[in-house]
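K.L.:
See upload_20.txt below, with compact mmCIF, C-alpha atoms.
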```
# COMPACT_ATOMS: atom_id res chain seq x y z
CA MET A 1 -45.93 139.60 -81.62
CA GLU A 2 -44.21 138.36 -78.51
CA GLU A 3 -47.28 136.65 -77.12
CA ILE A 4 -48.17 134.94 -80.38
CA ARG A 5 -44.69 133.47 -80.72
CA LEU A 6 -44.76 132.15 -77.19
CA ILE A 7 -48.11 130.47 -77.63
CA GLU A 8 -47.07 128.66 -80.79
CA VAL A 9 -44.06 127.14 -79.09
CA LYS A 10 -46.14 126.24 -76.08
CA GLU A 11 -48.49 124.27 -78.34
CA ASP A 12 -45.58 122.35 -79.85
CA ILE A 13 -44.20 121.60 -76.42
CA MET A 14 -47.63 120.58 -75.18
CA SER A 15 -48.20 118.21 -78.05
CA ASP A 16 -44.77 116.58 -77.62
CA ASN A 17 -45.44 116.41 -73.90
CA ASP A 18 -48.81 114.72 -74.35
CA ALA A 19 -47.25 112.00 -76.49
CA VAL A 20 -44.63 111.25 -73.85
CA ALA A 21 -47.27 111.34 -71.09
CA LYS A 22 -49.32 108.80 -73.01
CA SER A 23 -46.36 106.45 -73.29
CA ILE A 24 -45.66 106.83 -69.56
CA ARG A 25 -49.28 105.99 -68.77
CA HIS A 26 -49.02 102.86 -70.89
CA ARG A 27 -45.73 101.85 -69.29
CA LEU A 28 -47.13 102.30 -65.77
CA ALA A 29 -50.28 100.32 -66.60
CA GLU A 30 -48.06 97.44 -67.78
CA ALA A 31 -45.88 97.66 -64.68
CA LYS A 32 -48.92 98.13 -62.38
CA THR A 33 -47.41 101.19 -60.78
CA PHE A 34 -49.65 104.07 -59.65
CA LEU A 35 -48.28 107.59 -60.18
CA ILE A 36 -49.20 110.67 -58.17
CA ASN A 37 -48.34 114.16 -59.43
CA LEU A 38 -48.06 116.20 -56.21
CA MET A 39 -48.23 119.98 -56.70
CA ALA A 40 -48.29 122.99 -54.37
CA SER A 41 -46.78 126.38 -53.61
CA PRO A 42 -43.27 126.50 -52.16
CA GLY A 43 -43.40 125.53 -48.52
CA ALA A 44 -46.96 124.15 -48.50
CA GLY A 45 -45.64 120.85 -47.16
CA LYS A 46 -45.15 118.49 -50.09
CA THR A 47 -42.10 116.72 -48.68
CA SER A 48 -43.61 116.45 -45.20
CA LEU A 49 -46.78 114.90 -46.59
CA ILE A 50 -44.72 112.41 -48.59
CA LEU A 51 -42.72 111.46 -45.48
CA LYS A 52 -45.87 110.99 -43.36
CA THR A 53 -47.61 109.02 -46.11
CA HIS A 54 -44.59 106.80 -46.66
CA ALA A 55 -44.29 106.09 -42.92
CA LEU A 56 -47.95 105.03 -42.74
CA LEU A 57 -48.13 102.98 -45.93
CA LYS A 58 -44.68 101.41 -46.34
CA LYS A 59 -45.75 98.17 -44.63
CA ASP A 60 -48.58 97.71 -47.15
CA ILE A 61 -47.33 99.11 -50.45
CA ARG A 62 -43.93 99.69 -52.07
CA ILE A 63 -43.34 103.40 -52.56
CA GLY A 64 -40.87 105.37 -54.68
CA VAL A 65 -40.45 109.13 -54.90
CA ILE A 66 -39.28 111.38 -57.72
CA GLU A 67 -38.21 114.73 -56.29
CA ALA A 68 -38.03 117.70 -58.63
CA ASP A 69 -36.18 120.82 -57.66
CA ILE A 70 -34.59 123.62 -59.58
CA ASP A 71 -31.31 123.17 -57.81
CA SER A 72 -31.12 121.17 -54.59
CA MET A 73 -30.99 117.63 -53.26
CA VAL A 74 -32.43 118.27 -49.80
CA ASP A 75 -35.84 116.69 -50.39
CA ALA A 76 -34.51 113.52 -51.99
CA GLU A 77 -32.07 113.15 -49.10
CA LYS A 78 -34.89 113.41 -46.54
CA VAL A 79 -37.01 110.85 -48.39
CA ALA A 80 -34.14 108.42 -48.94
CA ALA A 81 -33.17 108.70 -45.26
CA GLN A 82 -36.60 107.29 -44.44
CA GLY A 83 -36.06 104.31 -46.73
CA ALA A 84 -38.06 105.25 -49.82
CA ALA A 85 -36.60 104.68 -53.28
CA ALA A 86 -35.77 108.23 -54.30
CA VAL A 87 -34.68 109.90 -57.51
CA GLN A 88 -33.80 113.59 -57.72
CA LEU A 89 -34.54 115.55 -60.88
CA LYS A 90 -32.82 118.90 -61.20
CA THR A 91 -35.02 120.99 -63.47
CA GLY A 92 -32.47 123.74 -64.05
CA GLY A 93 -34.45 126.92 -64.62
CA PHE A 94 -37.67 125.09 -65.42
CA CYS A 95 -40.66 125.95 -63.29
CA HIS A 96 -42.49 122.65 -63.69
CA VAL A 97 -41.97 118.96 -64.32
CA ASP A 98 -42.82 117.74 -67.81
CA ALA A 99 -43.39 114.21 -69.07
CA ALA A 100 -39.88 113.87 -70.53
CA MET A 101 -38.35 114.60 -67.12
CA VAL A 102 -40.59 111.97 -65.49
CA GLN A 103 -39.62 109.48 -68.22
CA LYS A 104 -35.96 110.04 -67.27
CA GLY A 105 -36.82 109.57 -63.61
CA LEU A 106 -38.66 106.29 -64.32
CA ASN A 107 -35.67 105.01 -66.31
CA ASN A 108 -33.72 105.18 -63.07
CA MET A 109 -36.22 103.20 -61.00
CA ASN A 110 -37.22 99.56 -60.99
CA LEU A 111 -40.95 99.77 -61.71
CA GLY A 112 -41.48 96.08 -61.01
CA ASP A 113 -40.56 96.78 -57.38
CA LEU A 114 -42.92 99.72 -56.90
CA ASP A 115 -46.69 99.96 -56.42
CA LEU A 116 -46.73 103.74 -56.03
CA ILE A 117 -44.50 106.55 -57.24
CA ILE A 118 -45.06 110.06 -55.97
CA VAL A 119 -43.64 112.88 -58.10
CA GLU A 120 -42.99 115.97 -55.99
CA ASN A 121 -43.36 118.76 -58.53
CA VAL A 122 -41.58 122.15 -58.38
CA GLY A 123 -43.24 124.50 -55.85
CA ASN A 124 -45.51 126.53 -58.12
CA LEU A 125 -49.28 126.92 -58.46
CA VAL A 126 -49.13 128.02 -62.10
CA CYS A 127 -46.99 126.13 -64.61
CA PRO A 128 -47.21 122.54 -63.29
CA ALA A 129 -51.01 122.64 -63.74
CA GLU A 130 -50.58 122.68 -67.52
CA PHE A 131 -48.46 119.54 -67.91
CA ASP A 132 -49.73 115.97 -68.10
CA ILE A 133 -46.92 113.78 -66.78
CA GLY A 134 -48.72 110.47 -67.27
CA GLU A 135 -49.94 110.45 -63.69
CA SER A 136 -52.83 108.34 -62.37
CA LYS A 137 -54.01 111.22 -60.15
CA LYS A 138 -53.14 114.88 -59.75
CA VAL A 139 -52.98 115.92 -56.10
CA MET A 140 -52.41 119.44 -54.79
CA ILE A 141 -51.73 120.83 -51.35
CA LEU A 142 -53.02 124.19 -50.15
CA SER A 143 -51.61 125.22 -46.77
CA VAL A 144 -53.63 127.36 -44.37
CA PRO A 145 -51.08 130.21 -44.14
CA GLU A 146 -51.41 130.78 -47.91
CA GLY A 147 -54.96 132.02 -47.49
CA ASP A 148 -58.45 130.96 -48.52
CA ASP A 149 -58.46 133.12 -51.67
CA LYS A 150 -56.01 130.95 -53.62
CA PRO A 151 -58.73 129.16 -55.68
CA LEU A 152 -59.71 132.60 -57.04
CA LYS A 153 -56.14 133.37 -58.04
CA TYR A 154 -54.90 130.03 -59.36
CA PRO A 155 -58.12 128.53 -60.75
CA LEU A 156 -56.49 126.17 -63.28
CA MET A 157 -54.56 124.28 -60.59
CA PHE A 158 -57.68 123.80 -58.48
CA SER A 159 -59.65 122.78 -61.59
CA VAL A 160 -57.33 120.05 -62.85
CA CYS A 161 -56.62 118.23 -59.57
CA ASP A 162 -58.39 115.08 -58.44
CA VAL A 163 -57.54 115.68 -54.80
CA LEU A 164 -56.93 118.74 -52.62
CA VAL A 165 -55.07 118.23 -49.36
CA VAL A 166 -55.54 121.24 -47.07
CA ASN A 167 -52.40 121.17 -44.91
CA LYS A 168 -51.28 122.99 -41.73
CA ILE A 169 -54.78 122.98 -40.22
CA ASP A 170 -52.96 123.38 -36.87
CA TYR A 171 -52.57 127.05 -37.97
CA LEU A 172 -56.35 127.57 -38.32
CA HIS A 173 -56.82 128.96 -34.80
CA MET A 174 -54.39 131.84 -35.41
CA SER A 175 -55.51 132.60 -38.94
CA ASP A 176 -58.48 134.21 -40.68
CA PHE A 177 -58.59 131.30 -43.15
CA ASP A 178 -62.27 130.54 -43.82
CA ILE A 179 -62.33 126.84 -44.62
CA GLU A 180 -65.98 126.82 -45.70
CA ALA A 181 -65.45 129.75 -48.09
CA MET A 182 -62.38 127.99 -49.51
CA ARG A 183 -64.36 124.74 -49.99
CA GLU A 184 -67.13 126.58 -51.84
CA ARG A 185 -64.61 128.29 -54.13
CA VAL A 186 -62.87 125.02 -54.92
CA LEU A 187 -66.06 123.01 -55.45
CA SER A 188 -67.50 125.64 -57.78
CA LEU A 189 -64.40 125.23 -59.96
CA ASN A 190 -64.21 121.46 -59.60
CA PRO A 191 -67.27 119.72 -58.14
CA GLY A 192 -65.67 116.26 -58.30
CA ILE A 193 -62.53 117.08 -56.30
CA LYS A 194 -61.86 115.13 -53.12
CA ILE A 195 -60.76 117.26 -50.15
CA PHE A 196 -58.76 116.13 -47.12
CA GLU A 197 -57.89 118.39 -44.17
CA VAL A 198 -54.61 117.47 -42.51
CA SER A 199 -51.70 118.62 -40.41
CA SER A 200 -48.44 116.91 -41.27
CA LYS A 201 -47.08 118.35 -38.02
CA THR A 202 -49.68 116.96 -35.59
CA GLY A 203 -50.68 114.02 -37.81
CA GLU A 204 -54.36 115.00 -37.76
CA GLY A 205 -56.20 113.79 -40.86
CA ILE A 206 -53.19 112.03 -42.38
CA GLU A 207 -54.67 108.57 -41.90
CA ALA A 208 -57.84 109.40 -43.86
CA TRP A 209 -55.73 110.66 -46.77
CA ALA A 210 -53.33 107.71 -46.62
CA ASN A 211 -56.18 105.18 -46.46
CA TRP A 212 -57.81 106.71 -49.51
CA LEU A 213 -54.50 106.59 -51.39
CA LYS A 214 -53.85 103.00 -50.36
CA GLY A 215 -57.30 102.00 -51.65
CA GLU A 216 -56.63 103.66 -55.00
CA VAL A 217 -53.22 102.02 -55.36
CA ILE A 218 -54.45 98.55 -54.42
CA SER A 219 -57.38 98.82 -56.78
CA PHE A 220 -55.01 99.91 -59.58
CA VAL A 221 -52.40 97.22 -59.06
CA THR A 222 -54.92 94.41 -58.71
CA THR A 223 -56.96 95.30 -61.82
CA ASP A 224 -56.39 92.99 -64.75
CA MET B 225 -34.79 118.72 -79.19
CA GLU B 226 -37.57 120.03 -77.02
CA GLU B 227 -35.27 121.77 -74.58
CA ILE B 228 -33.18 123.43 -77.27
CA ARG B 229 -36.25 124.85 -78.98
CA LEU B 230 -37.57 126.28 -75.74
CA ILE B 231 -34.29 127.95 -74.86
CA GLU B 232 -34.02 129.70 -78.22
CA VAL B 233 -37.45 131.22 -77.86
CA LYS B 234 -36.73 132.20 -74.30
CA GLU B 235 -33.68 134.13 -75.48
CA ASP B 236 -35.76 135.98 -78.06
CA ILE B 237 -38.37 136.81 -75.48
CA MET B 238 -35.72 137.88 -73.01
CA SER B 239 -34.06 140.19 -75.47
CA ASP B 240 -37.38 141.82 -76.45
CA ASN B 241 -38.19 142.06 -72.77
CA ASP B 242 -34.91 143.76 -71.91
CA ALA B 243 -35.50 146.42 -74.56
CA VAL B 244 -38.95 147.22 -73.16
CA ALA B 245 -37.58 147.22 -69.60
CA LYS B 246 -34.93 149.71 -70.63
CA SER B 247 -37.53 152.06 -72.08
CA ILE B 248 -39.64 151.76 -68.91
CA ARG B 249 -36.61 152.62 -66.80
CA HIS B 250 -35.98 155.71 -68.93
CA ARG B 251 -39.64 156.74 -68.76
CA LEU B 252 -39.73 156.39 -64.97
CA ALA B 253 -36.50 158.35 -64.55
CA GLU B 254 -38.04 161.20 -66.57
CA ALA B 255 -41.26 161.04 -64.55
CA LYS B 256 -39.38 160.65 -61.25
CA THR B 257 -41.39 157.61 -60.29
CA PHE B 258 -39.79 154.79 -58.31
CA LEU B 259 -40.87 151.26 -59.25
CA ILE B 260 -40.82 148.23 -56.96
CA ASN B 261 -41.15 144.69 -58.36
CA LEU B 262 -42.67 142.74 -55.45
CA MET B 263 -42.34 138.96 -55.76
CA ALA B 264 -43.21 136.00 -53.52
CA SER B 265 -44.91 132.62 -53.32
CA PRO B 266 -48.70 132.53 -53.36
CA GLY B 267 -49.99 133.60 -49.97
CA ALA B 268 -46.72 134.98 -48.59
CA GLY B 269 -48.44 138.31 -47.94
CA LYS B 270 -47.73 140.59 -50.90
CA THR B 271 -51.09 142.39 -50.82
CA SER B 272 -51.05 142.74 -47.04
CA LEU B 273 -47.57 144.27 -47.12
CA ILE B 274 -48.68 146.71 -49.83
CA LEU B 275 -51.72 147.73 -47.76
CA LYS B 276 -49.65 148.26 -44.60
CA THR B 277 -46.96 150.16 -46.50
CA HIS B 278 -49.52 152.37 -48.23
CA ALA B 279 -51.24 153.15 -44.92
CA LEU B 280 -47.93 154.23 -43.36
CA LEU B 281 -46.51 156.22 -46.28
CA LYS B 282 -49.51 157.75 -48.04
CA LYS B 283 -49.19 161.04 -46.14
CA ASP B 284 -45.58 161.45 -47.36
CA ILE B 285 -45.46 159.97 -50.85
CA ARG B 286 -47.98 159.33 -53.64
CA ILE B 287 -48.36 155.60 -54.24
CA GLY B 288 -49.83 153.58 -57.10
CA VAL B 289 -50.15 149.81 -57.39
CA ILE B 290 -50.15 147.48 -60.39
CA GLU B 291 -51.70 144.16 -59.40
CA ALA B 292 -50.97 141.13 -61.55
CA ASP B 293 -53.07 138.03 -61.31
CA ILE B 294 -53.80 135.17 -63.61
CA ASP B 295 -57.52 135.65 -63.26
CA SER B 296 -58.94 137.74 -60.43
CA MET B 297 -59.55 141.32 -59.34
CA VAL B 298 -59.58 140.77 -55.58
CA ASP B 299 -56.19 142.34 -54.84
CA ALA B 300 -56.78 145.49 -56.90
CA GLU B 301 -60.14 145.91 -55.19
CA LYS B 302 -58.53 145.72 -51.74
CA VAL B 303 -55.85 148.23 -52.67
CA ALA B 304 -58.28 150.65 -54.37
CA ALA B 305 -60.59 150.45 -51.35
CA GLN B 306 -57.74 151.90 -49.29
CA GLY B 307 -57.33 154.83 -51.70
CA ALA B 308 -54.29 153.81 -53.72
CA ALA B 309 -54.29 154.28 -57.50
CA ALA B 310 -54.69 150.69 -58.67
CA VAL B 311 -54.45 148.93 -62.01
CA GLN B 312 -55.21 145.25 -62.47
CA LEU B 313 -53.30 143.21 -65.03
CA LYS B 314 -54.79 139.85 -65.93
CA THR B 315 -51.89 137.72 -67.08
CA GLY B 316 -54.03 134.94 -68.55
CA GLY B 317 -52.02 131.76 -68.22
CA PHE B 318 -48.71 133.57 -67.78
CA CYS B 319 -46.80 132.77 -64.63
CA HIS B 320 -44.94 136.09 -64.36
CA VAL B 321 -45.15 139.75 -65.23
CA ASP B 322 -42.99 140.89 -68.15
CA ALA B 323 -41.95 144.38 -69.17
CA ALA B 324 -44.63 144.67 -71.90
CA MET B 325 -47.35 144.04 -69.31
CA VAL B 326 -45.91 146.70 -67.02
CA GLN B 327 -45.72 149.11 -69.96
CA LYS B 328 -49.48 148.58 -70.51
CA GLY B 329 -50.11 149.15 -66.82
CA LEU B 330 -48.11 152.38 -66.82
CA ASN B 331 -50.09 153.61 -69.85
CA ASN B 332 -53.14 153.52 -67.62
CA MET B 333 -51.63 155.57 -64.78
CA ASN B 334 -50.69 159.21 -64.46
CA LEU B 335 -46.97 158.97 -63.68
CA GLY B 336 -46.73 162.69 -62.92
CA ASP B 337 -49.00 162.10 -59.91
CA LEU B 338 -47.03 159.16 -58.49
CA ASP B 339 -43.74 158.96 -56.56
CA LEU B 340 -43.88 155.20 -56.11
CA ILE B 341 -45.49 152.35 -58.02
CA ILE B 342 -45.50 148.86 -56.55
CA VAL B 343 -45.98 145.98 -58.99
CA GLU B 344 -47.43 142.95 -57.23
CA ASN B 345 -46.12 140.09 -59.37
CA VAL B 346 -47.83 136.70 -59.83
CA GLY B 347 -47.31 134.44 -56.82
CA ASN B 348 -44.35 132.35 -57.96
CA LEU B 349 -40.72 131.96 -56.80
CA VAL B 350 -39.45 130.78 -60.19
CA CYS B 351 -40.44 132.60 -63.39
CA PRO B 352 -40.73 136.22 -62.16
CA ALA B 353 -37.06 136.13 -61.09
CA GLU B 354 -35.98 135.99 -64.75
CA PHE B 355 -37.77 139.10 -66.01
CA ASP B 356 -36.50 142.67 -65.77
CA ILE B 357 -39.60 144.90 -65.70
CA GLY B 358 -37.72 148.19 -65.53
CA GLU B 359 -37.98 148.30 -61.76
CA SER B 360 -35.84 150.45 -59.46
CA LYS B 361 -35.63 147.64 -56.90
CA LYS B 362 -36.59 143.98 -56.77
CA VAL B 363 -38.17 143.04 -53.45
CA MET B 364 -39.21 139.55 -52.37
CA ILE B 365 -41.18 138.25 -49.44
CA LEU B 366 -40.50 134.93 -47.75
CA SER B 367 -43.10 133.98 -45.16
CA VAL B 368 -42.20 131.91 -42.12
CA PRO B 369 -44.65 129.04 -42.83
CA GLU B 370 -42.89 128.39 -46.15
CA GLY B 371 -39.78 127.18 -44.35
CA ASP B 372 -36.15 128.22 -43.97
CA ASP B 373 -34.95 125.98 -46.83
CA LYS B 374 -36.42 128.09 -49.62
CA PRO B 375 -33.09 129.84 -50.51
CA LEU B 376 -31.70 126.36 -51.29
CA LYS B 377 -34.60 125.56 -53.58
CA TYR B 378 -35.20 128.86 -55.38
CA PRO B 379 -31.68 130.34 -55.44
CA LEU B 380 -32.21 132.62 -58.45
CA MET B 381 -35.01 134.57 -56.77
CA PHE B 382 -32.95 135.12 -53.62
CA SER B 383 -29.92 136.07 -55.74
CA VAL B 384 -31.56 138.77 -57.87
CA CYS B 385 -33.48 140.66 -55.18
CA ASP B 386 -32.27 143.85 -53.51
CA VAL B 387 -34.47 143.32 -50.48
CA LEU B 388 -35.90 140.32 -48.64
CA VAL B 389 -38.88 140.91 -46.38
CA VAL B 390 -39.35 137.96 -44.01
CA ASN B 391 -43.08 138.07 -43.25
CA LYS B 392 -45.35 136.33 -40.71
CA ILE B 393 -42.73 136.40 -37.95
CA ASP B 394 -45.70 136.06 -35.56
CA TYR B 395 -45.65 132.37 -36.64
CA LEU B 396 -42.03 131.87 -35.49
CA HIS B 397 -42.96 130.58 -32.01
CA MET B 398 -44.97 127.67 -33.44
CA SER B 399 -42.60 126.82 -36.25
CA ASP B 400 -39.19 125.16 -36.66
CA PHE B 401 -38.11 128.01 -38.97
CA ASP B 402 -34.46 128.77 -38.18
CA ILE B 403 -34.07 132.44 -38.97
CA GLU B 404 -30.29 132.45 -38.56
CA ALA B 405 -29.86 129.47 -40.89
CA MET B 406 -32.14 131.18 -43.43
CA ARG B 407 -30.10 134.42 -43.18
CA GLU B 408 -26.85 132.55 -43.76
CA ARG B 409 -28.28 130.77 -46.81
CA VAL B 410 -29.57 134.02 -48.30
CA LEU B 411 -26.40 136.01 -47.59
CA SER B 412 -24.19 133.33 -49.10
CA LEU B 413 -26.19 133.69 -52.36
CA ASN B 414 -26.49 137.46 -52.17
CA PRO B 415 -24.22 139.25 -49.68
CA GLY B 416 -25.63 142.69 -50.53
CA ILE B 417 -29.30 141.89 -49.89
CA LYS B 418 -31.15 143.94 -47.26
CA ILE B 419 -33.32 141.87 -44.91
CA PHE B 420 -36.34 143.07 -42.92
CA GLU B 421 -38.29 140.89 -40.50
CA VAL B 422 -41.95 141.85 -40.26
CA SER B 423 -45.46 140.73 -39.41
CA SER B 424 -48.12 142.40 -41.53
CA LYS B 425 -50.65 141.04 -39.04
CA THR B 426 -49.20 142.51 -35.82
CA GLY B 427 -47.39 145.40 -37.54
CA GLU B 428 -44.02 144.42 -36.04
CA GLY B 429 -41.11 145.58 -38.19
CA ILE B 430 -43.29 147.27 -40.82
CA GLU B 431 -42.08 150.75 -39.88
CA ALA B 432 -38.41 149.89 -40.45
CA TRP B 433 -39.22 148.55 -43.92
CA ALA B 434 -41.48 151.50 -44.77
CA ASN B 435 -38.89 154.02 -43.58
CA TRP B 436 -36.22 152.42 -45.71
CA LEU B 437 -38.54 152.47 -48.74
CA LYS B 438 -39.52 156.10 -48.13
CA GLY B 439 -35.83 157.08 -48.00
CA GLU B 440 -35.15 155.33 -51.31
CA VAL B 441 -38.15 156.95 -53.01
CA ILE B 442 -37.35 160.44 -51.75
CA SER B 443 -33.73 160.11 -52.77
CA PHE B 444 -34.85 158.95 -56.25
CA VAL B 445 -37.44 161.64 -56.89
CA THR B 446 -35.22 164.47 -55.63
CA THR B 447 -32.14 163.49 -57.68
CA ASP B 448 -31.50 165.74 -60.68
```
Let's see the structure in the file written out as structure tokens.

P.N.:
Amino acid sequence: MEEIRLIEVKEDIMSDNDAVAKSIRHRLAEAKTFLINLMASPGAGKTSLILKTHALLKKDIRIGVIEADIDSMVDAEKVAAQGAAAVQLKTGGFCHVDAAMVQKGLNNMNLGDLDLIIVENVGNLVCPAEFDIGESKKVMILSVPEGDDKPLKYPLMFSVCDVLVVNKIDYLHMSDFDIEAMRERVLSLNPGIKIFEVSSKTGEGIEAWANWLKGEVISFVTTD
Amino acid sequence: MEEIRLIEVKEDIMSDNDAVAKSIRHRLAEAKTFLINLMASPGAGKTSLILKTHALLKKDIRIGVIEADIDSMVDAEKVAAQGAAAVQLKTGGFCHVDAAMVQKGLNNMNLGDLDLIIVENVGNLVCPAEFDIGESKKVMILSVPEGDDKPLKYPLMFSVCDVLVVNKIDYLHMSDFDIEAMRERVLSLNPGIKIFEVSSKTGEGIEAWANWLKGEVISFVTTD
């Protein structure tokens, strides 16, 4: 009984969510603003990747950030300190960002002034994977200390993302993380996924990721 | 509207869950079996800590493990290979273990043969914190690579746990993790929490944790 009731509600929520996501996608196409939904476990390095990406790309494209946290402002403060337009969403007890929350975030930003908005989702490899937030691309981070078996355990997240950023590769030398085994697991779930290997700490690989992102944004904002 | 509907259902689920948790707690008291609810982010080292703990304590107490994963058997296989009684729960899309799932797991174990059962929850710092599964103690792991700011971002998890195991302290020398700042943040949320610092890889600190756990189990199973 319990499971059936939960699933019914989930379907209602999902269908409401998909309608809002669709309207966000339309709004962003009009405004020519590219939206990234950035997902990862707690501590995988979402905020650090945003800071590094912003530092590299801010001269070329105008970037805003929507930070989502259950109960804290620390990420938005870090991002704003570096000069990005930042909005903080407090999700209360919610374990993911849904389209309605993003809609509220967008209402507090000037889309005409932004080419790219990055939504930093709640740290969680499960729930965020199920919600369309109207994004242009879904991007996830897997950090080396989490282990190479994560695609086996959280297959939906690895299946729905357009891009996987493998972060903290500076930890590879002191870890048993098998990057080839991880790649095979991810590609068997999602053959079209794009994979970048980076270290936000040392900067290795960040440029390749940032250049790819810049290309996507420019192509999006210059399309008629 | 959407939020109100979700909260109502959550309350129903929670109240059903609490009733099942209560019956589990009663059943375990009768059987004299101690239950640990082990929670953490993906990749923080739940399975490794279970393996190390089992290796140290198996001569003194009889240990079973309930592994919960969305879709994989790898953890149960590792644990069973080391000789622990293991049950795998596949949670489907669910992002946490609830009491009904644990009840099903217990139905597949011989409680009379077990002093301690460890439930390895789904890797997630959000949802599992909300569900009573009839456990004797809630234990969480925070691993050093996740960062010292996690108590600020996932306060409920740090507030509800009886024990915090800080894992991967062998990474401290190459990290900016401030262990004193983390301790202060955790203790301000939860002054009664017990904190152990360990490395499942090097074995440092594991004995202190295992000795504490053994003392709790023996005290529980020998109480009239």

K.L.:
Just want the 7 Å neighbourhood of range 433-442 of chain B, counted on all atoms listed in the file, with same-chain residues fewer than 4 positions away dropped. Output as a PyMOL selection string.

P.N.:
chain B and resi 258+277+339-340+420+429+446

K.L.:
Restrict the distance test to all atoms listed in the file, flag each residue of chain B within 9 Å of chain A, and return the flagged residues as a ChimeraX atom specification.

P.N.:
/B:226,229-230,233-234,236-237,240,265-269,293-298,317-319,347-351,367,369-374,376-380,395,398

K.L.:
Write out as a PyMOL selection string each polymer residue whose atoms come within 9 Å of Val102 in chain A, counting only C-alpha atoms; drop sequence neighbours fewer than 3 positions from it.

P.N.:
chain A and resi 21+24+66+89+97-99+105-107+119+133-134

K.L.:
If we count all atoms listed in the file, what is near Pro415 in chain B at a cut-off of 12 Å, once residues fewer than 4 positions away on the same chain are taken out, given as a ChimeraX atom specification?

P.N.:
/B:382-388,407-411,419

K.L.:
If you measure from CA of Ile141 in chain A to CA of Val165 in chain A, what distance in Å do you get, rounded to one decimal?

P.N.:
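Taking CA of Ile141 in chain A as the start and CA of Val165 in chain A as the end point, the length is 4.7 Å.
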
K.L.:
Give as a short mmCIF file (atom, residue, chain, number, x, y, z; two decimals) with C-alpha atoms, in the coordinates of the input every residue, naming chains and numbers as the document does, that has an atom within 8 Å of (-49.1, 117.1, -42.3), counting only C-alpha atoms.

P.N.:
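Final output, out28.cif:
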```cif
data_model
loop_
_atom_site.label_atom_id
_atom_site.label_comp_id
_atom_site.auth_asym_id
_atom_site.auth_seq_id
_atom_site.Cartn_x
_atom_site.Cartn_y
_atom_site.Cartn_z
CA GLY A 45 -45.64 120.85 -47.16
CA SER A 48 -43.61 116.45 -45.20
CA LEU A 49 -46.78 114.90 -46.59
CA LYS A 52 -45.87 110.99 -43.36
CA ASN A 167 -52.40 121.17 -44.91
CA LYS A 168 -51.28 122.99 -41.73
CA VAL A 198 -54.61 117.47 -42.51
CA SER A 199 -51.70 118.62 -40.41
CA SER A 200 -48.44 116.91 -41.27
CA LYS A 201 -47.08 118.35 -38.02
CA THR A 202 -49.68 116.96 -35.59
CA GLY A 203 -50.68 114.02 -37.81
CA GLU A 204 -54.36 115.00 -37.76
CA GLY A 205 -56.20 113.79 -40.86
CA ILE A 206 -53.19 112.03 -42.38
#
```

K.L.:
Please check which residues have atoms at most 12 Å from (-41.3, 103.3, -49.5) in the file's coordinates, counting all atoms listed in the file, and write them as an NGL selection string.

P.N.:
:A and (50-66 or 79-86 or 113-118)

K.L.:
Would you mind telling me which residue in A:Thr33, A:Met39, A:Thr223, A:His26 lies nearest to Met109 in chain A when using all atoms listed in the file?

P.N.:
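Nearest candidate to Met109 in chain A out of A:Thr33, A:Met39, A:Thr223, A:His26: A:Thr33.
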
K.L.:
I'd like the contact shell of Asp224 in chain A - 12 Å cut-off, all atoms listed in the file, skipping same-chain residues fewer than 3 positions apart - returned as a ChimeraX atom specification.

P.N.:
/A:29-32,218-221

K.L.:
Go ahead and compute the interatomic distance for CA of Ser15 in chain A and CA of Asp132 in chain A, in Å to one decimal.

P.N.:
10.3 Å

K.L.:
Do you have the CA of Leu413 in chain B-CA of Val390 in chain B distance handy?

P.N.:
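Between CA of Leu413 in chain B and CA of Val390 in chain B the gap is 16.2 Å.
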
K.L.:
Any chance you could work out the axis-aligned box around range 300-307 of chain B, listed atoms only, 8 Å on each side, giving centre and edge lengths in Å to one decimal, as JSON?

P.N.:
```
{"center_x": -58.2, "center_y": 150.2, "center_z": -53.1, "size_x": 20.7, "size_y": 25.3, "size_z": 23.6}
```
